[in-house]
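Asks: Got a structure for you, target_17.txt, holding compact mmCIF, C-alpha atoms.
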# COMPACT_ATOMS: atom_id res chain seq x y z
CA MET A 1 13.11 -62.07 -32.43
CA ILE A 2 13.66 -62.63 -36.13
CA PHE A 3 10.75 -65.10 -36.17
CA VAL A 4 8.45 -62.57 -34.52
CA PHE A 5 9.36 -59.99 -37.15
CA LEU A 6 8.90 -62.58 -39.92
CA ALA A 7 5.42 -63.37 -38.61
CA LEU A 8 4.62 -59.64 -38.30
CA LEU A 9 5.81 -59.02 -41.85
CA ILE A 10 3.56 -61.81 -43.17
CA VAL A 11 0.59 -60.54 -41.15
CA SER A 12 1.28 -56.99 -42.33
CA PHE A 13 1.49 -58.17 -45.95
CA ILE A 14 -1.81 -60.05 -45.70
CA ARG A 15 -3.57 -57.11 -43.99
CA GLU A 16 -2.26 -54.50 -46.40
CA LYS A 17 -2.11 -56.66 -49.54
CA ASP A 18 -4.50 -54.44 -51.49
CA ARG A 19 -2.35 -51.38 -50.94
CA ILE A 20 0.95 -53.24 -51.41
CA LEU A 21 -0.11 -55.02 -54.61
CA ASN A 22 -1.84 -51.92 -55.95
CA LYS A 23 1.42 -50.65 -57.45
CA LYS A 24 4.69 -52.40 -58.27
CA ILE A 25 6.72 -49.74 -56.49
CA ASN A 26 4.77 -50.35 -53.25
CA LEU A 27 5.60 -54.05 -53.44
CA PHE A 28 9.22 -53.29 -54.28
CA VAL A 29 9.71 -50.92 -51.31
CA PHE A 30 7.93 -53.29 -48.92
CA MET A 31 10.04 -56.26 -50.06
CA PHE A 32 13.24 -54.19 -50.09
CA LEU A 33 12.82 -53.03 -46.49
CA SER A 34 11.66 -56.49 -45.36
CA VAL A 35 14.72 -58.16 -46.89
CA ILE A 36 17.08 -55.61 -45.27
CA GLY A 37 15.38 -56.17 -41.89
CA ILE A 38 15.53 -59.95 -42.21
CA VAL A 39 19.18 -59.94 -43.34
CA LEU A 40 20.13 -57.70 -40.41
CA GLY A 41 18.23 -60.04 -38.09
CA ILE A 42 19.88 -63.18 -39.48
CA VAL A 43 23.36 -61.64 -39.19
CA ARG A 44 22.63 -60.69 -35.58
CA MET A 45 21.32 -64.21 -34.88
CA ILE A 46 24.48 -65.82 -36.33
CA TYR A 47 26.96 -63.30 -34.90
CA PRO A 48 25.37 -61.86 -31.75
CA TYR A 49 28.66 -60.26 -30.64
CA ILE A 50 29.46 -58.59 -33.93
CA PRO A 51 31.28 -55.28 -33.20
CA SER A 52 29.03 -52.24 -33.36
CA MET A 53 29.60 -49.23 -35.59
CA ALA A 54 30.64 -47.18 -32.55
CA SER A 55 33.32 -49.68 -31.52
CA LEU A 56 34.68 -49.81 -35.09
CA LEU A 57 34.78 -46.01 -35.28
CA GLU A 58 36.49 -45.85 -31.91
CA LYS A 59 39.51 -47.57 -33.43
CA TYR A 60 39.90 -44.93 -36.10
CA ILE A 61 38.67 -41.69 -34.46
CA LYS A 62 40.42 -40.52 -31.34
CA MET B 1 -8.64 -23.97 -45.85
CA ASN B 2 -8.28 -26.72 -43.32
CA LYS B 3 -4.74 -26.65 -41.97
CA GLN B 4 -3.51 -30.03 -40.77
CA LEU B 5 -0.88 -28.53 -38.55
CA SER B 6 -0.23 -25.13 -37.03
CA ILE B 7 3.15 -23.46 -36.57
CA ARG B 8 2.41 -23.27 -32.86
CA GLN B 9 2.09 -27.08 -32.70
CA ALA B 10 5.31 -27.51 -34.69
CA VAL B 11 7.23 -25.19 -32.37
CA PHE B 12 5.83 -27.00 -29.33
CA LEU B 13 6.97 -30.26 -30.87
CA TYR B 14 10.46 -28.80 -31.42
CA MET B 15 10.69 -27.75 -27.77
CA PHE B 16 9.37 -31.11 -26.62
CA ILE B 17 11.89 -33.19 -28.58
CA THR B 18 14.81 -31.04 -27.40
CA ILE B 19 14.02 -31.72 -23.73
CA SER B 20 15.74 -35.11 -23.59
CA PRO B 21 19.08 -34.03 -25.14
CA VAL B 22 19.09 -30.93 -22.91
CA LEU B 23 18.53 -33.01 -19.76
CA ARG B 24 20.69 -35.96 -20.72
CA GLN B 25 23.52 -35.07 -23.09
CA ILE B 26 24.19 -31.34 -22.91
CA PRO B 27 25.30 -30.93 -19.22
CA SER B 28 27.79 -33.81 -19.32
CA ALA B 29 29.13 -32.87 -22.77
CA LEU B 30 29.64 -29.23 -21.73
CA ALA B 31 31.28 -30.22 -18.45
CA ARG B 32 33.60 -32.64 -20.26
CA GLU B 33 34.75 -30.10 -22.84
CA ALA B 34 34.68 -26.79 -20.95
CA GLU B 35 34.48 -27.73 -17.26
CA ARG B 36 32.65 -25.09 -15.19
CA ASN B 37 32.82 -22.60 -18.09
CA GLY B 38 30.43 -24.91 -19.92
CA SER B 39 27.56 -23.06 -18.26
CA LEU B 40 28.33 -20.17 -20.65
CA SER B 41 28.19 -22.37 -23.77
CA PRO B 42 24.44 -21.88 -24.39
CA PHE B 43 25.19 -18.16 -25.00
CA PHE B 44 27.65 -19.06 -27.75
CA ALA B 45 24.91 -21.15 -29.35
CA ILE B 46 22.63 -18.11 -29.77
CA PRO B 47 23.93 -16.87 -33.18
CA PRO B 48 23.81 -20.27 -34.99
CA ILE B 49 20.37 -21.12 -33.62
CA LEU B 50 19.00 -17.70 -34.56
CA ILE B 51 20.55 -18.01 -38.03
CA LEU B 52 18.86 -21.40 -38.44
CA THR B 53 15.55 -19.91 -37.29
CA GLY B 54 15.95 -17.10 -39.83
CA THR B 55 16.78 -19.67 -42.52
CA ILE B 56 13.66 -21.70 -41.77
CA ILE B 57 11.50 -18.55 -41.82
CA LEU B 58 13.07 -17.48 -45.12
CA LEU B 59 12.35 -20.88 -46.70
CA ILE B 60 8.80 -21.03 -45.36
CA THR B 61 7.94 -17.49 -46.48
CA SER B 62 9.59 -17.93 -49.88
CA TYR B 63 7.88 -21.25 -50.53
CA PRO B 64 4.66 -21.31 -48.50
CA GLY B 65 2.89 -24.66 -48.58
CA PHE B 66 6.07 -26.52 -49.54
CA ASN B 67 8.08 -29.01 -47.48
CA LEU B 68 11.87 -29.45 -47.45
CA TYR B 69 11.85 -31.88 -50.39
CA GLU B 70 9.60 -29.70 -52.53
CA ILE B 71 11.73 -26.65 -51.76
CA ALA B 72 14.89 -28.58 -52.69
CA VAL B 73 13.19 -29.66 -55.97
CA GLN B 74 12.28 -26.05 -56.75
CA LEU B 75 15.75 -24.79 -55.95
CA ALA B 76 18.06 -27.46 -57.33
CA GLY B 77 16.05 -29.93 -59.39
CA LYS B 78 14.62 -33.36 -58.74
CA VAL B 79 17.88 -35.36 -58.98
CA PHE B 80 19.72 -33.15 -56.51
CA ALA B 81 16.71 -33.05 -54.19
CA ARG B 82 16.50 -36.85 -54.17
CA PHE B 83 20.22 -37.13 -53.50
CA ILE B 84 19.87 -34.74 -50.55
CA MET B 85 16.87 -36.71 -49.29
CA PHE B 86 18.84 -39.96 -49.55
CA LEU B 87 21.52 -38.43 -47.33
CA TYR B 88 18.80 -37.24 -44.95
CA LEU B 89 17.43 -40.81 -44.89
CA ILE B 90 20.78 -42.19 -43.73
CA TRP B 91 21.04 -39.45 -41.10
CA ALA B 92 17.47 -40.02 -39.91
CA LEU B 93 18.00 -43.79 -39.59
CA LEU B 94 21.20 -43.25 -37.61
CA TYR B 95 19.52 -40.60 -35.45
CA LEU B 96 16.55 -42.89 -34.85
CA SER B 97 18.71 -45.87 -33.90
CA ALA B 98 20.82 -43.73 -31.56
CA LYS B 99 17.67 -42.24 -30.01
CA LEU B 100 16.25 -45.71 -29.33
CA ASN B 101 19.55 -46.68 -27.73
CA ALA B 102 19.61 -43.52 -25.62
CA TYR B 103 16.07 -44.17 -24.41
CA ALA B 104 16.80 -47.82 -23.53
CA LEU B 105 20.07 -46.92 -21.77
CA SER B 106 18.35 -44.18 -19.76
CA ILE B 107 15.75 -46.58 -18.42
CA GLN B 108 18.45 -49.15 -17.63
CA PHE B 109 20.51 -46.52 -15.81
CA THR B 110 17.63 -45.06 -13.82
CA LEU B 111 14.93 -47.66 -13.23
CA MET B 112 15.53 -51.20 -14.50
CA PRO B 113 19.23 -52.10 -14.70
CA LYS B 114 18.62 -55.84 -15.06
CA THR B 115 16.27 -55.69 -18.05
CA GLY B 116 17.74 -55.98 -21.53
CA SER B 117 17.55 -53.04 -23.90
CA ASP B 118 15.80 -55.14 -26.58
CA PHE B 119 12.71 -55.30 -24.37
CA PHE B 120 12.54 -51.50 -23.99
CA ILE B 121 13.08 -50.99 -27.71
CA LEU B 122 10.27 -53.42 -28.54
CA VAL B 123 7.88 -51.70 -26.14
CA MET B 124 8.76 -48.35 -27.72
CA LEU B 125 8.15 -49.70 -31.22
CA VAL B 126 4.72 -50.97 -30.21
CA LEU B 127 3.85 -47.57 -28.69
CA VAL B 128 5.10 -45.77 -31.80
CA TYR B 129 2.98 -48.04 -33.99
CA TYR B 130 -0.03 -47.25 -31.81
CA ALA B 131 0.60 -43.50 -32.14
CA LEU B 132 1.20 -43.66 -35.90
CA LEU B 133 -2.09 -45.50 -36.41
CA ARG B 134 -3.72 -42.24 -35.34
CA THR B 135 -1.86 -39.95 -37.78
CA SER B 136 0.95 -37.51 -37.06
CA LYS B 137 -1.44 -34.90 -35.70
CA THR B 138 -1.83 -37.01 -32.53
CA ILE B 139 1.88 -36.64 -31.82
CA PHE B 140 1.81 -32.89 -32.39
CA ARG B 141 -1.24 -32.54 -30.15
CA PHE B 142 0.39 -34.69 -27.47
CA SER B 143 3.48 -32.48 -27.35
CA GLU B 144 1.31 -29.35 -27.31
CA PHE B 145 -0.65 -30.72 -24.37
CA ALA B 146 2.28 -32.15 -22.37
CA LEU B 147 4.88 -29.37 -22.76
CA GLY B 148 3.22 -26.92 -20.35
CA PRO B 149 3.01 -29.32 -17.37
CA ILE B 150 6.60 -30.46 -18.00
CA PHE B 151 7.97 -26.90 -17.95
CA PHE B 152 5.86 -26.20 -14.86
CA LEU B 153 7.36 -29.26 -13.13
CA ILE B 154 10.90 -28.29 -14.08
CA GLY B 155 10.15 -24.77 -12.79
CA ILE B 156 9.09 -26.21 -9.42
CA LEU B 157 12.25 -28.34 -9.31
CA PHE B 158 14.32 -25.27 -10.04
CA ILE B 159 12.65 -23.29 -7.24
CA CYS B 160 13.28 -26.18 -4.82
CA ALA B 161 16.92 -26.36 -5.93
CA VAL B 162 17.80 -22.67 -5.70
CA GLY B 163 18.88 -23.04 -2.07
CA LYS B 164 21.21 -25.91 -2.98
CA LEU B 165 23.03 -24.09 -5.78
CA ARG B 166 26.68 -23.61 -4.91
CA THR B 167 28.26 -20.54 -6.49
CA ASP B 168 31.75 -21.97 -6.01
CA TYR B 169 30.76 -24.74 -8.47
CA LEU B 170 29.86 -22.11 -11.08
CA LEU B 171 32.29 -19.24 -10.42
CA PRO B 172 34.88 -17.92 -11.12
CA VAL B 173 34.74 -18.23 -14.88
CA SER B 174 38.16 -18.12 -16.46
CA THR B 175 38.62 -16.02 -19.61
CA ILE B 176 41.33 -18.44 -20.81
CA GLU B 177 38.70 -21.17 -20.96
CA ILE B 178 36.22 -19.08 -23.00
CA PRO B 179 37.37 -20.61 -26.35
CA SER B 180 36.71 -24.13 -24.99
CA ALA B 181 33.24 -22.99 -23.84
CA ALA B 182 32.61 -21.64 -27.35
CA MET B 183 33.77 -24.93 -28.92
CA ALA B 184 31.63 -26.94 -26.50
CA SER B 185 28.58 -24.97 -27.60
CA LYS B 186 28.36 -27.27 -30.64
CA HIS B 187 26.48 -29.71 -28.39
CA VAL B 188 23.82 -27.06 -27.67
CA ILE B 189 23.75 -26.08 -31.35
CA ALA B 190 23.31 -29.71 -32.41
CA ALA B 191 20.34 -30.15 -30.06
CA GLY B 192 18.81 -26.81 -31.06
CA GLY B 193 19.08 -27.72 -34.72
CA ASN B 194 16.17 -30.12 -34.33
CA MET B 195 14.11 -27.17 -35.55
CA ILE B 196 14.89 -28.29 -39.10
CA ILE B 197 12.58 -31.27 -38.53
CA ILE B 198 9.71 -28.76 -38.76
CA MET B 199 10.61 -28.26 -42.45
CA PHE B 200 9.59 -31.85 -43.22
CA PHE B 201 6.06 -30.92 -42.17
CA ALA B 202 6.02 -27.39 -43.60
CA ASP B 203 3.55 -28.31 -46.36
CA ASN B 204 0.91 -28.73 -43.65
CA PHE B 205 1.10 -25.09 -42.51
CA GLY B 206 -0.94 -23.76 -45.41
CA ILE B 207 -0.01 -20.87 -47.68
CA SER B 208 -1.16 -17.93 -45.59
CA ILE B 209 1.38 -17.51 -42.80
CA THR B 210 1.23 -14.36 -40.71
CA LYS B 211 4.11 -12.54 -39.02
CA ASN B 212 2.57 -13.43 -35.69
CA GLN B 213 2.84 -17.13 -36.52
CA LEU B 214 6.44 -16.76 -37.68
CA ARG B 215 7.30 -15.02 -34.41
CA LYS B 216 6.66 -18.36 -32.68
CA PHE B 217 9.83 -19.74 -34.27
CA TRP B 218 11.90 -17.01 -32.60
CA THR B 219 10.10 -17.63 -29.30
CA GLY B 220 10.83 -21.37 -29.57
CA ALA B 221 14.52 -20.71 -30.27
CA TRP B 222 14.87 -18.33 -27.29
CA ILE B 223 13.03 -20.73 -24.97
CA PHE B 224 15.38 -23.54 -26.02
CA ILE B 225 18.47 -21.40 -25.32
CA ALA B 226 17.11 -20.26 -21.93
CA PHE B 227 16.10 -23.82 -21.05
CA SER B 228 19.52 -25.27 -21.89
CA PHE B 229 21.24 -22.49 -19.89
CA ILE B 230 19.01 -23.05 -16.83
CA ILE B 231 19.47 -26.83 -16.90
CA THR B 232 23.25 -26.49 -17.27
CA VAL B 233 23.51 -24.00 -14.40
CA PHE B 234 21.20 -26.15 -12.30
CA THR B 235 23.28 -29.31 -12.93
CA PHE B 236 26.70 -27.68 -12.55
CA GLY B 237 25.63 -25.68 -9.50
CA ILE B 238 24.41 -28.71 -7.56
CA THR B 239 26.44 -31.65 -8.86
CA GLY B 240 29.62 -29.80 -9.85
CA ALA B 241 31.29 -29.84 -13.27
CA PRO B 242 33.83 -32.66 -12.59
CA LEU B 243 31.12 -35.11 -11.49
CA THR B 244 28.72 -33.95 -14.23
CA ALA B 245 31.39 -34.73 -16.83
CA ASN B 246 31.59 -38.36 -15.73
CA LEU B 247 27.88 -39.18 -15.42
CA PRO B 248 25.70 -40.53 -18.22
CA PHE B 249 22.60 -38.71 -16.92
CA PRO B 250 23.79 -35.93 -14.55
CA PHE B 251 20.46 -34.13 -14.30
CA TYR B 252 18.93 -37.29 -12.83
CA ILE B 253 21.60 -37.38 -10.10
CA THR B 254 21.10 -33.63 -9.51
CA VAL B 255 17.36 -34.02 -8.97
CA LYS B 256 17.99 -36.90 -6.56
CA SER B 257 19.30 -34.39 -4.03
CA ILE B 258 16.24 -32.12 -4.24
CA SER B 259 13.26 -32.22 -1.92
CA PHE B 260 10.20 -30.00 -1.66
CA PHE B 261 10.42 -28.47 1.86
CA ASN B 262 11.66 -31.89 3.06
CA VAL B 263 8.13 -33.25 2.47
CA PHE B 264 8.21 -34.53 -1.09
CA GLU B 265 11.31 -36.10 -2.55
CA ARG B 266 12.51 -38.61 -5.16
CA PHE B 267 11.56 -36.38 -8.08
CA GLU B 268 14.15 -38.18 -10.22
CA VAL B 269 11.54 -40.67 -11.38
CA LEU B 270 9.65 -37.75 -12.91
CA VAL B 271 12.81 -36.68 -14.72
CA THR B 272 13.10 -40.16 -16.22
CA LEU B 273 9.44 -39.98 -17.22
CA ILE B 274 9.96 -36.59 -18.89
CA CYS B 275 12.93 -37.96 -20.82
CA ILE B 276 10.99 -41.05 -21.91
CA LEU B 277 8.09 -38.91 -23.13
CA SER B 278 10.46 -36.64 -25.03
CA ASP B 279 12.23 -39.66 -26.56
CA TYR B 280 8.88 -41.19 -27.45
CA VAL B 281 7.81 -38.09 -29.37
CA SER B 282 11.25 -37.81 -31.03
CA ILE B 283 11.13 -41.44 -32.15
CA CYS B 284 7.56 -41.06 -33.48
CA VAL B 285 8.55 -37.92 -35.39
CA MET B 286 11.70 -39.50 -36.81
CA PHE B 287 9.68 -42.53 -37.93
CA ILE B 288 7.34 -40.16 -39.76
CA VAL B 289 10.32 -38.30 -41.26
CA VAL B 290 11.87 -41.58 -42.47
CA MET B 291 8.55 -42.63 -44.02
CA TYR B 292 8.16 -39.20 -45.68
CA ILE B 293 11.66 -39.46 -47.16
CA ILE B 294 10.97 -42.98 -48.49
CA LYS B 295 7.71 -41.65 -49.94
CA TRP B 296 9.54 -38.81 -51.73
CA LEU B 297 12.42 -41.00 -52.91
CA PHE B 298 10.22 -43.70 -54.44
CA GLY B 299 7.29 -41.49 -55.38
CA LEU B 300 4.84 -43.41 -53.19
CA LYS B 301 1.30 -42.20 -52.49
CA GLU B 302 1.03 -43.78 -49.03
CA THR B 303 3.46 -45.25 -46.52
CA GLY B 304 1.36 -46.75 -43.72
CA PHE B 305 2.14 -50.32 -44.83
CA LEU B 306 5.90 -49.70 -44.43
CA PHE B 307 5.90 -49.46 -40.64
CA VAL B 308 6.55 -53.15 -39.85
CA PRO B 309 9.49 -53.63 -42.29
CA LEU B 310 10.90 -50.28 -41.20
CA ALA B 311 10.52 -51.22 -37.52
CA ALA B 312 12.46 -54.46 -38.20
CA VAL B 313 15.28 -52.50 -39.88
CA VAL B 314 15.44 -49.89 -37.10
CA TYR B 315 15.24 -52.52 -34.33
CA TYR B 316 18.30 -54.38 -35.64
CA LEU B 317 20.12 -51.18 -36.55
CA THR B 318 20.06 -50.09 -32.90
CA PHE B 319 22.27 -53.09 -32.06
CA TYR B 320 24.62 -52.47 -34.98
CA VAL B 321 25.00 -48.79 -34.16
CA CYS B 322 26.00 -49.09 -30.48
CA LYS B 323 25.45 -51.43 -27.57
CA THR B 324 26.72 -49.88 -24.35
CA GLN B 325 26.59 -46.47 -22.66
CA PHE B 326 30.29 -45.86 -23.46
CA GLU B 327 29.73 -46.64 -27.12
CA TYR B 328 26.68 -44.42 -27.20
CA ASP B 329 28.57 -41.51 -25.62
CA PHE B 330 31.39 -41.92 -28.11
CA LEU B 331 28.99 -42.12 -31.07
CA TYR B 332 27.00 -39.11 -29.89
CA ASN B 333 30.02 -36.90 -29.24
CA LYS B 334 32.09 -37.85 -32.25
CA LEU B 335 29.56 -38.63 -34.95
CA ILE B 336 25.97 -37.65 -34.25
CA VAL B 337 26.75 -34.10 -33.09
CA ASN B 338 28.84 -33.44 -36.22
CA LEU B 339 26.27 -35.04 -38.52
CA ASN B 340 23.57 -32.95 -36.87
CA LEU B 341 25.56 -29.81 -37.62
CA ILE B 342 25.76 -30.79 -41.30
CA PHE B 343 22.15 -31.89 -41.77
CA GLN B 344 20.55 -29.31 -39.51
CA TYR B 345 22.64 -26.27 -40.42
CA VAL B 346 24.91 -26.66 -43.47
CA ILE B 347 22.37 -28.13 -45.92
CA PRO B 348 19.48 -25.77 -44.94
CA LEU B 349 21.89 -22.81 -45.15
CA LEU B 350 22.97 -23.87 -48.64
CA LEU B 351 19.30 -24.16 -49.62
CA SER B 352 18.58 -20.72 -48.21
CA LEU B 353 21.51 -19.28 -50.21
CA PHE B 354 20.02 -20.86 -53.37
CA CYS B 355 16.71 -19.42 -52.26
CA LEU B 356 18.11 -15.90 -51.97
CA VAL B 357 19.61 -16.17 -55.44
CA LYS B 358 16.52 -17.68 -57.02
CA ARG B 359 13.68 -16.35 -54.91
CA LYS B 360 10.23 -17.04 -56.22
CA HIS B 361 6.93 -17.08 -54.44
CA ILE B 362 5.06 -20.16 -55.45
CA ARG B 363 1.60 -20.79 -54.21
CA LYS B 364 0.61 -24.38 -53.94
CA GLN B 365 -2.93 -25.28 -54.90
CA TYR B 366 -4.83 -27.23 -52.32
Here is a file; write its structure as structure tokens.

Replies:
Amino acid sequence: MIFVFLALLIVSFIREKDRILNKKINLFVFMFLSVIGIVLGIVRMIYPYIPSMASLLEKYIK
Amino acid sequence: MNKQLSIRQAVFLYMFITISPVLRQIPSALAREAERNGSLSPFFAIPPILILTGTIILLITSYPGFNLYEIAVQLAGKVFARFIMFLYLIWALLYLSAKLNAYALSIQFTLMPKTGSDFFILVMLVLVYYALLRTSKTIFRFSEFALGPIFFLIGILFICAVGKLRTDYLLPVSTIEIPSAAMASKHVIAAGGNMIIIMFFADNFGISITKNQLRKFWTGAWIFIAFSFIITVFTFGITGAPLTANLPFPFYITVKSISFFNVFERFEVLVTLICILSDYVSICVMFIVVMYIIKWLFGLKETGFLFVPLAAVVYYLTFYVCKTQFEYDFLYNKLIVNLNLIFQYVIPLLLSLFCLVKRKHIRKQY
């Protein structure tokens, strides 16, 4: 799935490049969110059975 | 002045997005915490929901033409407003991820148990993208158009089910258990608090708001309370509180036993459809809210190009937040309900207190 999102991000960047490159802040926010999404995707690809937030909380909240 | 959105549409949207928590979460949560007395919990939710409605009306009338962020800026300054919005961003992302999980788990439970949740989430993201291409007004119009037929359908189901209601499942109500029914009402309050989402769109209402328009907020709040009471009575009266407490989607099981004069049956598919539609609108609205918050935090002029990176973040977050029905139930009961109470009641109430102290009528130029 990460590759699909990577391709979609590239397509989205190419389609919206005028708006994204219009201002530095637009580029920054786009890149910031893209990097977070990709990092989350890579972590999930490497550790598919990583414990979820709910299961971690379950240990501490009763 | 050309208003982009009317209060009527916003109230319809509020009622539409509260359908799925009322059908899915509220009956089981109330049965778990207050057993058969849980059917009284919606009454204990009346004061907080009416206070929230009053708060929203106070903020809208004090600052007509302003949204939640602009009101927070006026009341507490830009730094504080941005801090509040950052907290709202975290809440909205968590809410969105949990909503996507709830939607996927509902379809798995009711219709397609062998299909993975990632497929349902992807389909939803594509549909949300399609809706957002056509501006937020499409979503408001959709809820305005679809709410009437949905309430009509639920009314028919209720008429068909009246004969099956068992009073011994609902009565007697024990006075000793009243405190637990009052405590359980937090689930109804948390669902009813979705009205605060309207404040994110309040700048679209225009600056001339009449008393008649504001009355729609009260009507929406009363309809929500009545709807949650009817659905709880309906579910408890047919399925029974002990079974309701242990089911992930008790209303679905309740509707399974209903038939229309023994001619039409299997209405439960329609219940799933209603829930999916409600989730779809909720997810669209929360996507818009997240994009609005990012826009305010970073001072952007437009946010349309952020959908794909945001969709990637939300898609993966759904798997990091929770994976199974048990995890979702735990997260909803222990975390999301309490966070909802803070973000839907505590923060708006604090803002309204600031507002009362520092009340100014500011007219925004269009």

Asks: Kindly provide, as a PyMOL selection string, the residues of chain A having any atom no farther than 9 Å from an atom of chain B, counting only C-alpha atoms.

Replies: chain A and resi 2+5+8-9+12-13+15-17+19-20+25-26+29-38+40-41+44+50-55+57-58+61-62

Asks: Using only C-alpha atoms, find the one residue out of B:Cys284, B:Ile230, B:Val337, B:Cys275 that sits nearest to Ile150 in chain B.

Replies: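 The closest residue to Ile150 in chain B is B:Cys275.
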
Asks: Can you tell me how far CA of Leu351 in chain B sits from CA of Ser228 in chain B, in Å to one decimal?

Replies: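 Calculated distance between CA of Leu351 in chain B and CA of Ser228 in chain B is 27.8 Å.
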
Asks: What gap, in Å, lies between CA of Phe119 in chain B and CA of Lys59 in chain A?

Replies: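 It comes out at 29.3 Å.
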
Asks: Between CA of Asp18 in chain A and CA of Thr135 in chain B, what distance in Å does the model show, to one decimal?

Replies: 20.1 Å

Asks: Which polymer residues, whether protein, DNA or RNA, lie within 12 Å of the coordinate (1.5, -26.6, -37.9) when you count all atoms listed in the file? List them as a ChimeraX atom specification, using the chain letters and numbers from the file.

Replies: /B:2-14,60,65,67,136-137,139-141,144,198-209,213-214,216-217

Asks: Between B:Ala131, B:Leu59, B:Leu165, B:Ala72, single out the one closest to Ile288 in chain B, counting only C-alpha atoms.

Replies: B:Ala131
